[in-house]
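Scroll down for the structure; my scribbles are underneath it.
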Amino acid sequence: MVTTNPVPRFPDGFLWGVSTSAHQIEGAVDEREPSVWDVFTAEPGRVRDGSTAAVACDHVRRHGEDVALLAGLGVDAYRFSVSWPRVRARGGLDFYDRLVDDLCAAGVRPVPTLFHWDLPAGLDWRERDTAERFAAYVSEVVGRLGDRVTKWITLNEPAEHTLLGHALGIHAPGLKLLFDALPVAHHQLLAHGLAVRALRAGGADDIGIANSHGPTWPASEDPADVEAADFHDLLLNRLFADPLLLGRYPDGIDALMPGDVAADLQVISEPLDWYGINYYAPTRVGAPQGTETDFGGIRMPAELPFSVREISGRPVTDFGWPVVPEALTEVLTAFRDRYGDRLPPVVITENGCSYEGVDDPERIAYLDGHVRALHRALEAGVDVRGYFVWSLLDNFEWAEGFARRFGLVHVDFATQRRTPKASYAWFRELLREQRS
Ligand code: IFM
């Protein structure tokens, strides 16, 4: 195992956890309604290795073993997602009821995300109605679990769900709408605001969202590169954070959104108790080059008003993502500077990397570097309250299938055998040291 200097001490009460999502681990596909991801993965050529998540980590049947892994790791909290298609099936909430009971019994705080991309098949984020249906589903979940769950997350990464799923067609539902996908972003944000109201009506008082953010670095000082980078920053960061934190869309975007946007922004900007940031890597962006560009294996079309450039001189993960821990400090201080007292306390709701192997010194180095970068953000005055590693288990990595392994625990998908990696032991030791 890689040995490192002790990580600096985080404040008492800092929340340490790990994350997963329903579609990526649960399996038990026959005990729920289909989602857009089931439809998408049934189409040949959509997933790199041709796999589906019909079984995945078989977590519904093996959750007892997985809760034991969480307890053994010593985390304070476990972020998982509730599958809307499972809740729609008869008895679907029973599984989450048992899971929450088991987590509480093991001393691990349950932190459910209410939507992590597995939209029930037949629903469509281009329709406003989907936001209202989401709020009704959230009321049902808080009514059933709210006596034991105190910390809630509305949505996971609406930016990626919009961009990859609806603008570029790389994720479910496979739509290639480019900028016509903007209503999908608006309706998810509206769904978030309505969900906050539904959760509050159900008694919840510790509510956040998990948005992906990262610095955008211009490829050069050339004004064309700077302008392209600003636009990328708008799409990745401001399009989702401004309406939530400031109650407005950036730079005239509201004219492109559907419905009574001013009234919707009142709902979207319902105050949050904390703001979740999923951080993986920064992006280097330049002016369009008239050709497709590669973004961590994703083909970015030539028509976009920017092109993604390589960040050289850095190690990369198996996914090809550059490892840049200091960009985590940068994104946090930039958010504090941009949003000031409109930014509630922050929780890192995902951070992690894909590497092969049970002996995984690269993952330890990645996590170690990022936890230290997080501490530097704290020292710089950013109010950070928690850190969740993505992910507890190797799992179904969307269009990459089972080819990308993000887990602290290795899963042999043929036998479902779980094997804690060296990084699991490293994280357990980090938590022990933080509490000693
Ligand atoms: O696996 C995903 C997760 O579902 C959302 N955030 C990024 C992770 C790694 O790609």
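As shown in the structure tokens, the chain order sets the letters A, B, ...; within each chain, residues go from 1, and ligands are also counted from 1 in the order they appear.
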Report task. Just the residues within 9 Å of Gly369 of chain A, please, counting only C-alpha atoms, with nothing from its chain fewer than 4 positions along; format it as number ranges by chain. Result -> A: 324-326, 364-365, 373-374
Query raised in the report: Residues at most 7 Å from ligand 1, using only C-alpha atoms and all ligand atoms? Could they come as a PyMOL selection string?
Result: chain A and resi 21+157+278+350+390+397-398
Query raised in the report: Which neighbours of segment 40-51 of chain A fall inside 6 Å, counting only C-alpha atoms, when residues of the same chain fewer than 5 positions from it are skipped, and could you give them as a PyMOL selection string?
Result: chain A and resi 172+399-401
Query raised in the report: Near Arg385 of chain A, counting only C-alpha atoms, which residues have an atom at most 12 Å away, once you skip same-chain residues fewer than 4 positions from it, shown as a count of residues only?
Result: 24
**Report entry** Picked from segment 195-247 of chain A by DSSP as strand (DSSP E or B), as a list in words
**Finding:**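 Assigned to strand (DSSP E or B), within segment 195-247 of chain A: Ile207, Gly208, Ile209, Ala210, Asn211, Ser212, Thr216, Trp217 and Pro218 of chain A.
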Query raised in the report: Which parts of segment 165-392 of chain A does DSSP call helix (DSSP H, G or I) when run on the backbone here, written out as an MDAnalysis selection string?
Result: chainID A and resid 165:167 178:201 223:246 253:256 261:268 326:342 361:379
Query raised in the report: Which residue gives the smallest distance to Glu270 of chain A among A:Gly91, A:Gly143, A:Gly208, A:Gly313, with only C-alpha atoms counted?
Result: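 Nearest candidate to Glu270 of chain A out of A:Gly91, A:Gly143, A:Gly208, A:Gly313: A:Gly208.
The interatomic distance for the pair atom CA of Ser19 of chain A and atom CA of Ala414 of chain A works out to 22.8 Å.
Closest approach to Ile268 of chain A among A:Ala210, A:Ala425, A:Leu93, A:Leu189 is made by A:Leu189 (distances from only C-alpha atoms).
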Query raised in the report: Skipping near chain neighbours, those fewer than 3 positions away, what residues fall within 10 Å of Asp30 of chain A using only C-alpha atoms, listed as number ranges by chain?
Result: A: 27, 33-34, 54-55, 86, 89
Produce a file of the selected residues containing N, CA and C atoms, as a PDB file, in the first residue's frame.
```
ATOM      1  N   GLY A  27     -29.317  -3.837 -10.050  1.00  0.00           N
ATOM      2  CA  GLY A  27     -29.824  -5.045 -10.710  1.00  0.00           C
ATOM      3  C   GLY A  27     -31.311  -5.199 -10.423  1.00  0.00           C
ATOM      4  N   GLU A  33     -40.154  -0.991 -12.790  1.00  0.00           N
ATOM      5  CA  GLU A  33     -40.534  -0.597 -14.146  1.00  0.00           C
ATOM      6  C   GLU A  33     -39.264  -0.298 -14.949  1.00  0.00           C
ATOM      7  N   PRO A  34     -39.355  -0.326 -16.266  1.00  0.00           N
ATOM      8  CA  PRO A  34     -38.165   0.025 -17.061  1.00  0.00           C
ATOM      9  C   PRO A  34     -37.863   1.521 -16.997  1.00  0.00           C
ATOM     10  N   ALA A  54     -28.844  -4.937 -16.016  1.00  0.00           N
ATOM     11  CA  ALA A  54     -29.914  -5.820 -15.532  1.00  0.00           C
ATOM     12  C   ALA A  54     -29.538  -6.488 -14.207  1.00  0.00           C
ATOM     13  N   VAL A  55     -28.253  -6.834 -14.058  1.00  0.00           N
ATOM     14  CA  VAL A  55     -27.782  -7.438 -12.792  1.00  0.00           C
ATOM     15  C   VAL A  55     -26.843  -6.463 -12.065  1.00  0.00           C
ATOM     16  N   ARG A  86     -38.339   1.930  -9.681  1.00  0.00           N
ATOM     17  CA  ARG A  86     -38.587   0.886  -8.679  1.00  0.00           C
ATOM     18  C   ARG A  86     -39.724   1.325  -7.756  1.00  0.00           C
ATOM     19  N   ALA A  89     -43.062   0.564  -9.090  1.00  0.00           N
ATOM     20  CA  ALA A  89     -43.500  -0.839  -9.111  1.00  0.00           C
ATOM     21  C   ALA A  89     -44.136  -1.184  -7.764  1.00  0.00           C
TER      22      ALA A  89
END
```
Report task. Compare A:Pro305, A:Pro250, A:Pro243, A:Gly340 by their minimum atom-to-atom distance to Thr291 of chain A, counting only C-alpha atoms, and give me the closest one. Result -> A:Pro305
Requested in this report: Determine the nearest neighbour of Leu431 of chain A from the options A:Ala22, A:Asn395, A:Trp321, A:Tyr387, counting only C-alpha atoms.
Outcome: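 With only C-alpha atoms as the atom set, the closest residue is A:Tyr387.
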Query - Of the listed residues A:Leu199, A:Ala380, A:Val308, A:Ile253, that which approaches Phe240 of chain A most closely, counting only C-alpha atoms - result: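 For Phe240 of chain A, the nearest of the given residues is A:Ile253.
Candidate residues A:Leu182, A:Ser307, A:His171, A:Asp254 were compared for distance to Asp230 of chain A, and the nearest is A:Ser307, using only C-alpha atoms.
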